[in-house]
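Participant: Please read through the structure below; I'll follow up with questions.
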Amino acid sequence: MANIGVVTTATNNQVILRNYVSGFPKESDLYIAATTVDLRVPPGSMAVLVKNLYLSCDPFSRIRMEKPDPSSPASVARAYSIGKPISGYGVAKAIDSCHPNYKNGDLLWGRVGWEEYSVITPTPSSHFKIHHADVPLSFYTGLLGIPGLTAYIGFYEICSPKKGETVFVSAASGAVGQLVGQFAKMAGCYVVGSASSEEKTKFGYDDAFNYKEEKDLSAALKRCFPEGIDIYFENVGGKMLEAVLENMRTHGRIAACGMISQYNLKKPEVLHNTATIVHKRIRVQGFAAVEFFDRYSKFLDFILPHVREGKLTYVEDISQGLENGPSALIGLFHGKNVGKQLVEVARV
């Protein structure tokens, strides 16, 4: 006999891609649609039904909004599909699990859809169980998630800082940049940041400037670094990277985790000053945090004590409700956020 009154389905609102994007994305490129989700996963599967709590707004989403190039398997694999929900990283709670490593009620972070409920099949490289819930869960979209790991790997492992060195951070108030600046101070470095407004330059740097008010970026860097730059943490690309190359010191290091100035251009800018890389023996390394998940536990061991002791601060820009997800994500590409941009979908 059927269990009368047992709820087996729920409405699942989703953020859907309406059009592939060329140039700057618009809110109208996304829309909200409702579907129905089964609250039970198939018995014998490895699936987990999760209720999404927080969704991370990440610059890489812009690349995934582009029409895929059929000749590029990587382009096809990463592209969103028109008429389907977009996806990214988020924090979620297991509602129904057939996976041996997850039980109902477990908290986790990893890849989820931009929707109220997602069905996932966790792997060690796609999802992580949250064992430390004494800190804000939203931190797992930023400080304790991909942005935090990116800042940690890029600064400590790729740039190998030494006390007294000079460090420049572009997008200094963003999800990654604000952490790199604090890591640099902890390492005894002199650190300068750049951002798109005066408000965004107030993040505890030794010096900072609003790049929109500088007519000559190279001159601005010379003003801040009269002896040159040892380490550049690259988030922007384009004209800023050109100016940085002109001001790097011999044997400088550049960790490149993003180039947001290029994502919305129909034709990428031509980069100049590249000969400096050879003349000054500069090491430039692009990287992605997903290739360093084997360091995640080491990263947590390093950062959690600093968070609990109040030695690290992390600014979040939280939009409330999935219905505000499109505006939060698109606002990221227009510099509207201050700190880590995320969307709160539900609370525990």
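Residues in the structure tokens are numbered from 1 in each chain, the chains being A, B, ... in the order shown, and ligands are numbered from 1 in the order shown.
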So that I can see what lies close to Val112 in chain A, please list as a PyMOL selection string the residues with an atom at most 7 Å from it, counting only C-alpha atoms and leaving out residues fewer than 4 positions away in the same chain.

Facilitator: chain A and resi 87-90+118

Participant: Can you list, as a PyMOL selection string, every protein, DNA or RNA residue that comes within 7 Å of range 34-50 of chain A when you count only C-alpha atoms, leaving out same-chain residues fewer than 4 positions away?

Facilitator: chain A and resi 8-14+92-99+117-121

Participant: Excluding Ser81 in chain A and any residue of its chain fewer than 4 positions from it, enumerate the residues within 8 Å of it, using only C-alpha atoms, and give them as a PyMOL selection string.

Facilitator: chain A and resi 17+85-86

Participant: Find the distance between CA of Ile231 in chain A and CA of Gly193 in chain A and write it in Å to one decimal.

Facilitator: 11.9 Å

Participant: Go through A:Arg111, A:Arg283, A:Lys84, A:Lys311 and flag the residue nearest Lys185 in chain A, using only C-alpha atoms for the distances.

Facilitator: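 Ranking A:Arg111, A:Arg283, A:Lys84, A:Lys311 by distance to Lys185 in chain A, first place goes to A:Lys311.
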
Participant: Nearest to Tyr263 in chain A: which of A:Gly23, A:Pro124, A:Gly321, A:Pro147 is it, counting only C-alpha atoms?

Facilitator: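 Under the stated criterion, the closest residue is A:Gly23.
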
Participant: Excluding Pro25 in chain A and residues on its chain fewer than 6 positions from it, collect all residues at most 8 Å away from it, counting only C-alpha atoms, and give them as a PDB file with all heavy atoms, in the first residue's frame.

Facilitator:
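Output below, filename selection-v9.pdb:
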ATOM      1  N   ARG A  62      31.862  32.785 -17.794  1.00  0.00           N
ATOM      2  CA  ARG A  62      31.729  33.535 -19.043  1.00  0.00           C
ATOM      3  C   ARG A  62      32.263  32.736 -20.222  1.00  0.00           C
ATOM      4  O   ARG A  62      31.656  32.724 -21.312  1.00  0.00           O
ATOM      5  CB  ARG A  62      32.479  34.873 -18.901  1.00  0.00           C
ATOM      6  CG  ARG A  62      32.651  35.635 -20.200  1.00  0.00           C
ATOM      7  CD  ARG A  62      31.324  36.016 -20.841  1.00  0.00           C
ATOM      8  NE  ARG A  62      31.529  36.593 -22.160  1.00  0.00           N
ATOM      9  CZ  ARG A  62      31.719  35.896 -23.275  1.00  0.00           C
ATOM     10  NH1 ARG A  62      31.737  34.563 -23.237  1.00  0.00           N
ATOM     11  NH2 ARG A  62      31.874  36.512 -24.422  1.00  0.00           N
ATOM     12  N   ASN A 264      35.426  38.999 -22.394  1.00  0.00           N
ATOM     13  CA  ASN A 264      34.264  39.532 -23.104  1.00  0.00           C
ATOM     14  C   ASN A 264      34.614  40.174 -24.445  1.00  0.00           C
ATOM     15  O   ASN A 264      33.751  40.775 -25.079  1.00  0.00           O
ATOM     16  CB  ASN A 264      33.551  40.562 -22.219  1.00  0.00           C
ATOM     17  CG  ASN A 264      33.067  39.946 -20.924  1.00  0.00           C
ATOM     18  OD1 ASN A 264      32.331  38.970 -20.925  1.00  0.00           O
ATOM     19  ND2 ASN A 264      33.495  40.507 -19.798  1.00  0.00           N
ATOM     20  N   ILE A 330      26.137  38.147 -13.799  1.00  0.00           N
ATOM     21  CA  ILE A 330      26.455  39.114 -14.857  1.00  0.00           C
ATOM     22  C   ILE A 330      27.146  40.344 -14.273  1.00  0.00           C
ATOM     23  O   ILE A 330      28.050  40.922 -14.889  1.00  0.00           O
ATOM     24  CB  ILE A 330      25.185  39.520 -15.619  1.00  0.00           C
ATOM     25  CG1 ILE A 330      24.527  38.282 -16.257  1.00  0.00           C
ATOM     26  CG2 ILE A 330      25.515  40.562 -16.682  1.00  0.00           C
ATOM     27  CD1 ILE A 330      25.445  37.452 -17.125  1.00  0.00           C
ATOM     28  N   PHE A 333      31.005  40.647 -14.237  1.00  0.00           N
ATOM     29  CA  PHE A 333      31.766  41.065 -15.416  1.00  0.00           C
ATOM     30  C   PHE A 333      31.703  42.572 -15.660  1.00  0.00           C
ATOM     31  O   PHE A 333      32.310  43.077 -16.596  1.00  0.00           O
ATOM     32  CB  PHE A 333      31.267  40.294 -16.645  1.00  0.00           C
ATOM     33  CG  PHE A 333      31.334  38.802 -16.466  1.00  0.00           C
ATOM     34  CD1 PHE A 333      30.188  38.056 -16.215  1.00  0.00           C
ATOM     35  CD2 PHE A 333      32.558  38.159 -16.474  1.00  0.00           C
ATOM     36  CE1 PHE A 333      30.270  36.692 -16.012  1.00  0.00           C
ATOM     37  CE2 PHE A 333      32.641  36.790 -16.269  1.00  0.00           C
ATOM     38  CZ  PHE A 333      31.487  36.050 -16.034  1.00  0.00           C
TER      39      PHE A 333
END

Participant: Could you tell me, as a VMD selection string, which residues of range 121-238 of chain A DSSP assigns to helix (DSSP H, G or I) when given the backbone?

Facilitator: chain A and resid 137 to 141 146 to 158 177 to 186 199 to 201 211 to 213 217 to 224 238

Participant: Those same residues - N, CA and C atoms - I'd like them written as a short mmCIF file (atom, residue, chain, number, x, y, z; two decimals), in the first residue's frame.

Facilitator:
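This is the output file result_36.cif:
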data_model
loop_
_atom_site.label_atom_id
_atom_site.label_comp_id
_atom_site.auth_asym_id
_atom_site.auth_seq_id
_atom_site.Cartn_x
_atom_site.Cartn_y
_atom_site.Cartn_z
N LEU A 137 29.51 28.48 6.25
CA LEU A 137 29.46 27.54 5.13
C LEU A 137 29.71 28.24 3.79
N SER A 138 29.33 29.51 3.71
CA SER A 138 29.55 30.26 2.48
C SER A 138 31.03 30.34 2.13
N PHE A 139 31.91 30.22 3.13
CA PHE A 139 33.35 30.28 2.87
C PHE A 139 33.82 29.19 1.92
N TYR A 140 33.06 28.10 1.82
CA TYR A 140 33.48 27.00 0.94
C TYR A 140 33.22 27.32 -0.53
N THR A 141 32.61 28.47 -0.83
CA THR A 141 32.56 28.94 -2.22
C THR A 141 33.75 29.84 -2.53
N ILE A 146 37.61 26.88 -4.15
CA ILE A 146 38.48 27.08 -5.30
C ILE A 146 39.28 28.39 -5.21
N PRO A 147 38.66 29.54 -4.90
CA PRO A 147 39.46 30.77 -4.82
C PRO A 147 40.57 30.70 -3.77
N GLY A 148 40.27 30.13 -2.60
CA GLY A 148 41.28 30.02 -1.56
C GLY A 148 42.44 29.13 -1.98
N LEU A 149 42.11 27.99 -2.57
CA LEU A 149 43.15 27.08 -3.03
C LEU A 149 43.97 27.73 -4.15
N THR A 150 43.30 28.49 -5.01
CA THR A 150 43.99 29.19 -6.09
C THR A 150 45.01 30.19 -5.53
N ALA A 151 44.59 30.97 -4.54
CA ALA A 151 45.50 31.95 -3.93
C ALA A 151 46.68 31.26 -3.26
N TYR A 152 46.41 30.17 -2.57
CA TYR A 152 47.44 29.43 -1.84
C TYR A 152 48.47 28.81 -2.78
N ILE A 153 48.00 28.09 -3.80
CA ILE A 153 48.91 27.44 -4.74
C ILE A 153 49.69 28.48 -5.54
N GLY A 154 48.98 29.48 -6.05
CA GLY A 154 49.63 30.48 -6.89
C GLY A 154 50.69 31.26 -6.16
N PHE A 155 50.39 31.67 -4.93
CA PHE A 155 51.34 32.50 -4.21
C PHE A 155 52.47 31.68 -3.60
N TYR A 156 52.13 30.67 -2.83
CA TYR A 156 53.16 29.95 -2.09
C TYR A 156 53.95 28.95 -2.94
N GLU A 157 53.26 28.22 -3.82
CA GLU A 157 53.96 27.16 -4.57
C GLU A 157 54.53 27.65 -5.90
N ILE A 158 53.79 28.49 -6.60
CA ILE A 158 54.27 28.94 -7.90
C ILE A 158 55.20 30.15 -7.77
N GLY A 177 42.14 37.69 -5.17
CA GLY A 177 43.07 38.77 -4.90
C GLY A 177 43.14 39.19 -3.45
N GLN A 178 41.99 39.28 -2.78
CA GLN A 178 42.00 39.73 -1.39
C GLN A 178 42.76 38.77 -0.49
N LEU A 179 42.79 37.49 -0.85
CA LEU A 179 43.55 36.52 -0.07
C LEU A 179 45.04 36.60 -0.38
N VAL A 180 45.38 36.76 -1.65
CA VAL A 180 46.80 36.86 -2.02
C VAL A 180 47.44 38.04 -1.29
N GLY A 181 46.72 39.15 -1.23
CA GLY A 181 47.25 40.31 -0.53
C GLY A 181 47.56 40.01 0.93
N GLN A 182 46.67 39.28 1.59
CA GLN A 182 46.90 38.94 3.00
C GLN A 182 48.02 37.91 3.15
N PHE A 183 48.10 36.95 2.22
CA PHE A 183 49.21 35.98 2.26
C PHE A 183 50.55 36.72 2.11
N ALA A 184 50.58 37.70 1.22
CA ALA A 184 51.82 38.44 0.99
C ALA A 184 52.25 39.20 2.24
N LYS A 185 51.30 39.80 2.94
CA LYS A 185 51.62 40.50 4.18
C LYS A 185 52.13 39.52 5.23
N MET A 186 51.50 38.34 5.30
CA MET A 186 51.92 37.32 6.26
C MET A 186 53.35 36.85 5.96
N GLU A 199 36.63 52.16 -3.20
CA GLU A 199 36.14 51.23 -2.17
C GLU A 199 36.88 49.91 -2.22
N LYS A 200 37.19 49.46 -3.44
CA LYS A 200 37.82 48.15 -3.61
C LYS A 200 39.31 48.16 -3.32
N THR A 201 39.89 49.35 -3.13
CA THR A 201 41.32 49.39 -2.83
C THR A 201 41.60 49.39 -1.34
N TYR A 211 42.71 51.57 -11.05
CA TYR A 211 43.29 51.59 -12.39
C TYR A 211 42.47 52.44 -13.37
N LYS A 212 41.19 52.65 -13.07
CA LYS A 212 40.36 53.44 -13.98
C LYS A 212 40.72 54.93 -13.94
N GLU A 213 41.40 55.33 -12.87
CA GLU A 213 41.79 56.73 -12.74
C GLU A 213 43.23 56.98 -13.18
N LEU A 217 49.27 53.16 -16.86
CA LEU A 217 49.40 52.07 -15.89
C LEU A 217 50.86 51.80 -15.53
N SER A 218 51.73 51.90 -16.52
CA SER A 218 53.15 51.65 -16.25
C SER A 218 53.69 52.69 -15.28
N ALA A 219 53.26 53.95 -15.46
CA ALA A 219 53.71 55.01 -14.55
C ALA A 219 53.17 54.79 -13.15
N ALA A 220 51.94 54.30 -13.06
CA ALA A 220 51.34 54.02 -11.75
C ALA A 220 52.14 52.94 -11.02
N LEU A 221 52.56 51.93 -11.77
CA LEU A 221 53.34 50.85 -11.16
C LEU A 221 54.74 51.34 -10.77
N LYS A 222 55.32 52.19 -11.59
CA LYS A 222 56.64 52.75 -11.25
C LYS A 222 56.56 53.59 -9.97
N ARG A 223 55.43 54.27 -9.82
CA ARG A 223 55.22 55.07 -8.61
C ARG A 223 55.14 54.18 -7.36
N CYS A 224 54.48 53.06 -7.49
CA CYS A 224 54.30 52.15 -6.36
C CYS A 224 55.52 51.25 -6.13
N GLY A 238 45.72 41.68 -20.47
CA GLY A 238 45.61 42.87 -21.30
C GLY A 238 46.63 43.96 -20.98
#

Participant: List the spatial neighbours of Leu329 in chain A as a list of chain:residue names - criterion: any atom at most 10 Å away, only C-alpha atoms, same-chain residues fewer than 4 positions off excluded.

Facilitator: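 The filter keeps A:Pro25, A:Lys26, A:Glu27, A:Leu30, A:Leu55, A:Ser56, A:Cys57, A:Asp58, A:Pro59, A:Ser61, A:Arg62, A:Ser319, A:Asn324, A:Gly325, A:Phe333, A:His334, A:Lys336, A:Asn337, A:Gln341, A:Leu342, A:Val343.
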